[in-house]
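Read through the structure below, which is laid out as structure tokens, and then see the notes.
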Amino acid sequence: MSATSGPGAAVRRATGAGRPPSVDALARALAHDGEGVGLPHPLLVEVARAAIAAGDPASATARAAELARMLLQPVVNATGVLLHTNLGRAPLAAEPVRGATNLELDLTSGRRGSRHVHCGRLLARLCDAEAALVVNNNAAAVLLVLAALARGREVLVSRGESVEIGGGFRVPEVMEQSGARLVDVGTTNRTRPADYQRALERPGADVALVLKVHPSNYRVEGFVEDTTTAALTALHGAVPVVADIGSGLLDAACPWLVGGPPAWLEGEPAARQTLASGAALVTFSGDKLLGGPQAGIIAGRADLVAACAAHPLARALRPGGLVLSALQDVLLAYLRRDAGRTVPFWRMATVLVSELEARALAVLTAAGPSGGPLGLAVEPMESLPGAGSLPGTAVPSAGLVLAGDRSAELRRAAPPVIARVRDGRTFLDLRTVEPSDDDHLAIALAALTPASP
């Protein structure tokens, strides 16, 4: 192919002259050839300027591709981690609402309404709570509860639950920011009802809440004991119990799943049952086991939820219309009891291993003759819930394995394929891959060059 035709011809012409090209000429050449990967002209100018300044105008194409990789874009999650924090946690099926919505308009009266009403009512029904409130993540939910209900007063927390959960979220630090005072109860591995009772009855006590925190991303085994929510509410002189269940399982019975709860969910606290056991409030994430967008939910007693909604922080922590629209779609699926097939997390989590094996074989076949040199093979695997949910729990799965670490090459595919590397092999777990992405996966594999012997 000549330098004056074919892909990249305009860039070659712009950079092949005896003197450096102008920034504008190089930027326009990138756009003309499609080597600018759809970037707008101002960004192509930035790329061209950097390449010329480095004395290497020909590097503009690679620089444009690198800049494009920094933008938010769809990827194929083949890691086997269902709720992968780096990949946005729960995948969403909801289409964004286009145009105006009745976000804060009461359609009956025509007057200003509240953005908290739409999802709040649905969540209250699903959790069997008096009321519910949505904020922008679970850390915000805990912060708002503490600030609204316990500022300047004491909150009892078991030492074994005074934890750090991802991204530097530490219970003592959140407590400090809220203005509440942390009172440690019990020990790291054993906290009994009597420990809470002594803290409630000690001289000068000014306890506003008991906070029970589900550890989520770690598990202590052996000589351990904790106090149930029901036992906490039964204490003499008990104050409201707030349970941060974290992962966001709505109902332990999983009525949205035809076969009921899967075995790997055993022991995971659920909002409905936690409130039924006596908790005044529960807080949890929207983008974990709930399968929705990033959000934090507060559900429980109407007076306490109202106090949280009235606090000045509630405005700073409120979610936008896109989040509430996506969350509403997910909640309606639970109410229809079809979340098992319409909410991507539950669909992926419950698909049969035999179906995954069949898909993996089809991808291997579609990848073509390169399958042999690549060392491609279908193998059983174990998926993980992820995002701090159900630590130590594995979900049987199946997928493809190929020799060597090919993760960097797969990330350069369109769309990028994100794989897992272990023991010098690359694993592609089909449980976390949407069936509609199987063709993309096959194309990405077929494009790989055989590894050197």
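Note on naming: chains are A, B, ... as they come in the structure tokens, residues start from 1 per chain, ligands start from 1 in the order shown.
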Would you mind listing, for every residue of stretch 226-307 of chain A within 12 Å of stretch 183-200 of chain A, the two atoms forming the shortest contact and the distance between them in Å to one decimal, using only C-alpha atoms, sorted by chain and ascending residue number, as a tab-separated table?
residue	atom	partner	partner_atom	distance
A:Asp226	CA	A:Thr191	CA	5.0
A:Thr227	CA	A:Arg192	CA	5.6
A:Thr228	CA	A:Pro193	CA	8.5
A:Thr229	CA	A:Pro193	CA	10.1
A:Ala230	CA	A:Pro193	CA	10.3
A:Ala231	CA	A:Pro193	CA	6.7
A:Leu232	CA	A:Pro193	CA	6.7
A:Thr233	CA	A:Pro193	CA	10.0
A:Ala234	CA	A:Pro193	CA	9.2
A:Leu235	CA	A:Gln197	CA	6.5
A:His236	CA	A:Gln197	CA	7.1
A:Gly237	CA	A:Leu200	CA	7.5
A:Ala238	CA	A:Leu200	CA	7.7
A:Val239	CA	A:Leu200	CA	8.8
A:Val241	CA	A:Tyr196	CA	11.6
Just want the 9 Å neighbourhood of A:Met348, counted on only C-alpha atoms, with same-chain residues fewer than 5 positions away dropped. Output as a PDB file with C-alpha atoms, in the first residue's frame.
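Here's the written file part.pdb:
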ATOM      1  CA  LEU A  82     -19.848  -9.669  39.253  1.00  0.00           C
ATOM      2  CA  GLY A 340     -34.025 -12.363  38.105  1.00  0.00           C
ATOM      3  CA  ARG A 341     -34.057 -11.948  34.336  1.00  0.00           C
ATOM      4  CA  VAL A 343     -31.625  -6.919  36.348  1.00  0.00           C
ATOM      5  CA  ARG A 431     -20.454 -15.414  33.926  1.00  0.00           C
ATOM      6  CA  THR A 432     -19.700 -11.689  33.883  1.00  0.00           C
ATOM      7  CA  VAL A 433     -19.833 -11.327  30.095  1.00  0.00           C
ATOM      8  CA  GLU A 434     -23.131 -10.277  28.559  1.00  0.00           C
TER       9      GLU A 434
END
key: Pick from A:Arg336, A:Gly292, A:Leu313, A:Asp405, whichever lies nearest to A:Pro255 using only C-alpha atoms   =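 Residue with the minimum atom-to-atom distance to A:Pro255: A:Arg336.
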query = Between A:Pro42, A:Pro415, A:Pro319, A:Gly291, which has the minimum distance to A:Tyr334 (counting only C-alpha atoms)?
reply = A:Gly291
query = Which residue, A:Ala299, A:Val157, A:Ala54, A:Ala62, has the smallest gap to A:Ala132 when you use only C-alpha atoms?
reply =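 Smallest separation from A:Ala132 among the options: A:Ala299.
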Taking a cut-off of 6 Å and counting only C-alpha atoms, can you build a table that, for each residue of stretch 112-149 of chain A near stretch 96-104 of chain A, reports the nearest atom pair and how far apart they are in Å (one decimal), sorted by chain then residue number, as a tab-separated table?
residue	atom	partner	partner_atom	distance
A:Arg112	CA	A:Glu104	CA	5.8
A:Gly113	CA	A:Glu104	CA	4.5
A:Ser114	CA	A:Glu104	CA	4.8
A:Arg115	CA	A:Glu104	CA	5.0
key: For A:Ala394, the nearest of the candidates A:Ala263, A:Leu376, A:Ala208, A:Leu289, counting only C-alpha atoms   =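 Looking only at the distances to A:Ala394, the closest residue turns out to be A:Ala263.
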inquiry  = I'd like the interatomic distance between atom CA of A:Leu83 and atom CA of A:Phe345, to a tenth of an Å.
reply    =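 Computing the Euclidean distance for atom CA of A:Leu83 and atom CA of A:Phe345 yields 7.9 Å.
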task = Tell me which of A:Val142, A:Thr426, A:Leu182, A:Asp439 sits closest to A:Ala414, counting only C-alpha atoms.
result = A:Asp439
query = A:Leu384: which residues within 9 Å, counting only C-alpha atoms, same-chain residues fewer than 4 positions away excluded, as a list of chain:residue names?
reply = A:Gly80, A:Val81, A:Leu82, A:Leu83, A:Ser389, A:Leu390, A:Pro391, A:Gly392, A:Thr393, A:Ala394, A:Val395, A:Pro396
Once you have the residues from the selection above, write them out as an mmCIF file, in the first residue's frame, restricted to C-alpha atoms.
data_model
loop_
_atom_site.group_PDB
_atom_site.id
_atom_site.type_symbol
_atom_site.label_atom_id
_atom_site.label_comp_id
_atom_site.auth_asym_id
_atom_site.auth_seq_id
_atom_site.Cartn_x
_atom_site.Cartn_y
_atom_site.Cartn_z
ATOM 1 C CA GLY A 80 -15.544 -13.168 36.847
ATOM 2 C CA VAL A 81 -16.134 -10.443 39.449
ATOM 3 C CA LEU A 82 -19.848 -9.669 39.253
ATOM 4 C CA LEU A 83 -19.645 -6.354 41.106
ATOM 5 C CA SER A 389 -20.058 -8.407 49.196
ATOM 6 C CA LEU A 390 -20.014 -11.942 50.608
ATOM 7 C CA PRO A 391 -16.269 -12.247 51.365
ATOM 8 C CA GLY A 392 -14.881 -15.735 50.826
ATOM 9 C CA THR A 393 -17.862 -16.735 48.679
ATOM 10 C CA ALA A 394 -17.418 -18.234 45.209
ATOM 11 C CA VAL A 395 -20.007 -18.919 42.506
ATOM 12 C CA PRO A 396 -19.324 -21.908 40.170
#
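Every residue of stretch 189-361 of chain A found in strand (DSSP E or B) when DSSP is run on the backbone appears here: Arg190, Val207, Ala208, Leu209, Val210, Leu211, Lys212, Val213, Glu225, Val241, Val242, Ala243, Asp244, Ile245, Gly246, Leu249, Ala270, Leu281, Val282, Thr283, Phe284, Ser285, Gly296, Ile297, Ile298, Ala299 and Gly300 of chain A.
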ask   = To one decimal place, how far is atom CA of A:Pro416 from atom CA of A:Val75 in Å?
value = 5.0 Å
request  = May I have the residues within 9 Å of A:Gly300 as a VMD selection string, using only C-alpha atoms and disregarding those fewer than 2 positions away in the same chain?
outcome  = chain A and resid 124 127 to 132 275 279 to 282 298 302 to 305
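Of note, atom CA of A:Pro240 and atom CA of A:Val210 are spaced 6.4 Å apart.
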query = Skipping near chain neighbours, those fewer than 5 positions away, what residues fall within 8 Å of A:Ala387 using only C-alpha atoms, listed as JSON, numbers by chain?
reply = {"A": [83, 84, 85, 89, 217, 288]}
Selected residues written out with N, CA and C atoms, as a short mmCIF file (atom, residue, chain, number, x, y, z; two decimals), in the first residue's frame:
data_model
loop_
_atom_site.label_atom_id
_atom_site.label_comp_id
_atom_site.auth_asym_id
_atom_site.auth_seq_id
_atom_site.Cartn_x
_atom_site.Cartn_y
_atom_site.Cartn_z
N LEU A 83 -19.53 -7.76 40.70
CA LEU A 83 -19.65 -6.35 41.11
C LEU A 83 -18.23 -5.78 41.20
N HIS A 84 -17.66 -5.49 40.06
CA HIS A 84 -16.27 -5.04 39.99
C HIS A 84 -16.23 -3.53 40.18
N THR A 85 -15.67 -3.08 41.30
CA THR A 85 -15.65 -1.65 41.61
C THR A 85 -14.98 -0.84 40.50
N ARG A 89 -19.14 -1.48 39.27
CA ARG A 89 -20.01 -2.36 40.08
C ARG A 89 -21.16 -2.93 39.27
N ASN A 217 -16.53 -6.78 53.68
CA ASN A 217 -15.41 -7.24 52.88
C ASN A 217 -14.37 -8.05 53.67
N LYS A 288 -24.73 -2.65 44.53
CA LYS A 288 -24.18 -3.97 44.86
C LYS A 288 -25.26 -5.02 44.60
#
inquiry  = as a ChimeraX atom specification, please: the residues near A:Pro57 (cut-off 8 Å, only C-alpha atoms, same-chain neighbours under 3 positions excluded).
reply    = /A:15,20-21,26,48,51-52,54,60
note = Residue with the minimum atom-to-atom distance to A:Leu257, picked from A:Val213, A:Ala367, A:Ile245, A:Val351 with only C-alpha atoms counted, is A:Val351
inquiry  = List the spatial neighbours of stretch 323-332 of chain A as a ChimeraX atom specification - criterion: any atom at most 10 Å away, only C-alpha atoms, same-chain residues fewer than 6 positions off excluded.
reply    = /A:92-97,101,103,115-116,118-120,122-123,125-126,134-136,286-287,290-295,338-339,342-344
Once you have the residues from the selection above, write them out as a PDB file, in the first residue's frame, restricted to C-alpha atoms.
ATOM      1  CA  LEU A  92     -27.161  -1.531  34.283  1.00  0.00           C
ATOM      2  CA  ALA A  93     -29.748  -2.272  31.617  1.00  0.00           C
ATOM      3  CA  ALA A  94     -31.669   0.998  32.030  1.00  0.00           C
ATOM      4  CA  GLU A  95     -31.753   3.491  29.171  1.00  0.00           C
ATOM      5  CA  PRO A  96     -31.279   7.120  30.268  1.00  0.00           C
ATOM      6  CA  VAL A  97     -34.429   9.209  30.218  1.00  0.00           C
ATOM      7  CA  THR A 101     -38.953  14.582  33.697  1.00  0.00           C
ATOM      8  CA  LEU A 103     -38.155  15.073  38.989  1.00  0.00           C
ATOM      9  CA  ARG A 115     -37.258  14.137  44.152  1.00  0.00           C
ATOM     10  CA  HIS A 116     -37.299  11.795  47.134  1.00  0.00           C
ATOM     11  CA  HIS A 118     -40.514   8.465  43.436  1.00  0.00           C
ATOM     12  CA  CYS A 119     -37.953   5.895  44.586  1.00  0.00           C
ATOM     13  CA  GLY A 120     -38.658   6.449  48.279  1.00  0.00           C
ATOM     14  CA  LEU A 122     -40.955   1.963  46.036  1.00  0.00           C
ATOM     15  CA  LEU A 123     -38.080   1.240  48.421  1.00  0.00           C
ATOM     16  CA  ARG A 125     -42.681  -1.045  49.952  1.00  0.00           C
ATOM     17  CA  LEU A 126     -39.873  -3.428  49.020  1.00  0.00           C
ATOM     18  CA  VAL A 134     -31.977   7.948  48.497  1.00  0.00           C
ATOM     19  CA  VAL A 135     -28.590   9.704  48.637  1.00  0.00           C
ATOM     20  CA  ASN A 136     -25.518   9.356  46.438  1.00  0.00           C
ATOM     21  CA  GLY A 286     -27.678   0.706  45.439  1.00  0.00           C
ATOM     22  CA  ASP A 287     -24.948  -0.666  43.155  1.00  0.00           C
ATOM     23  CA  LEU A 290     -29.534  -4.467  44.610  1.00  0.00           C
ATOM     24  CA  GLY A 291     -28.121  -4.317  41.074  1.00  0.00           C
ATOM     25  CA  GLY A 292     -28.797  -0.620  40.513  1.00  0.00           C
ATOM     26  CA  PRO A 293     -26.780   2.590  40.030  1.00  0.00           C
ATOM     27  CA  GLN A 294     -24.449   4.052  42.642  1.00  0.00           C
ATOM     28  CA  ALA A 295     -26.691   5.240  45.454  1.00  0.00           C
ATOM     29  CA  ASP A 338     -38.872 -10.334  37.238  1.00  0.00           C
ATOM     30  CA  ALA A 339     -35.557  -8.901  38.509  1.00  0.00           C
ATOM     31  CA  THR A 342     -34.220  -8.158  33.830  1.00  0.00           C
ATOM     32  CA  VAL A 343     -31.625  -6.919  36.348  1.00  0.00           C
ATOM     33  CA  PRO A 344     -28.228  -7.790  34.820  1.00  0.00           C
TER      34      PRO A 344
END
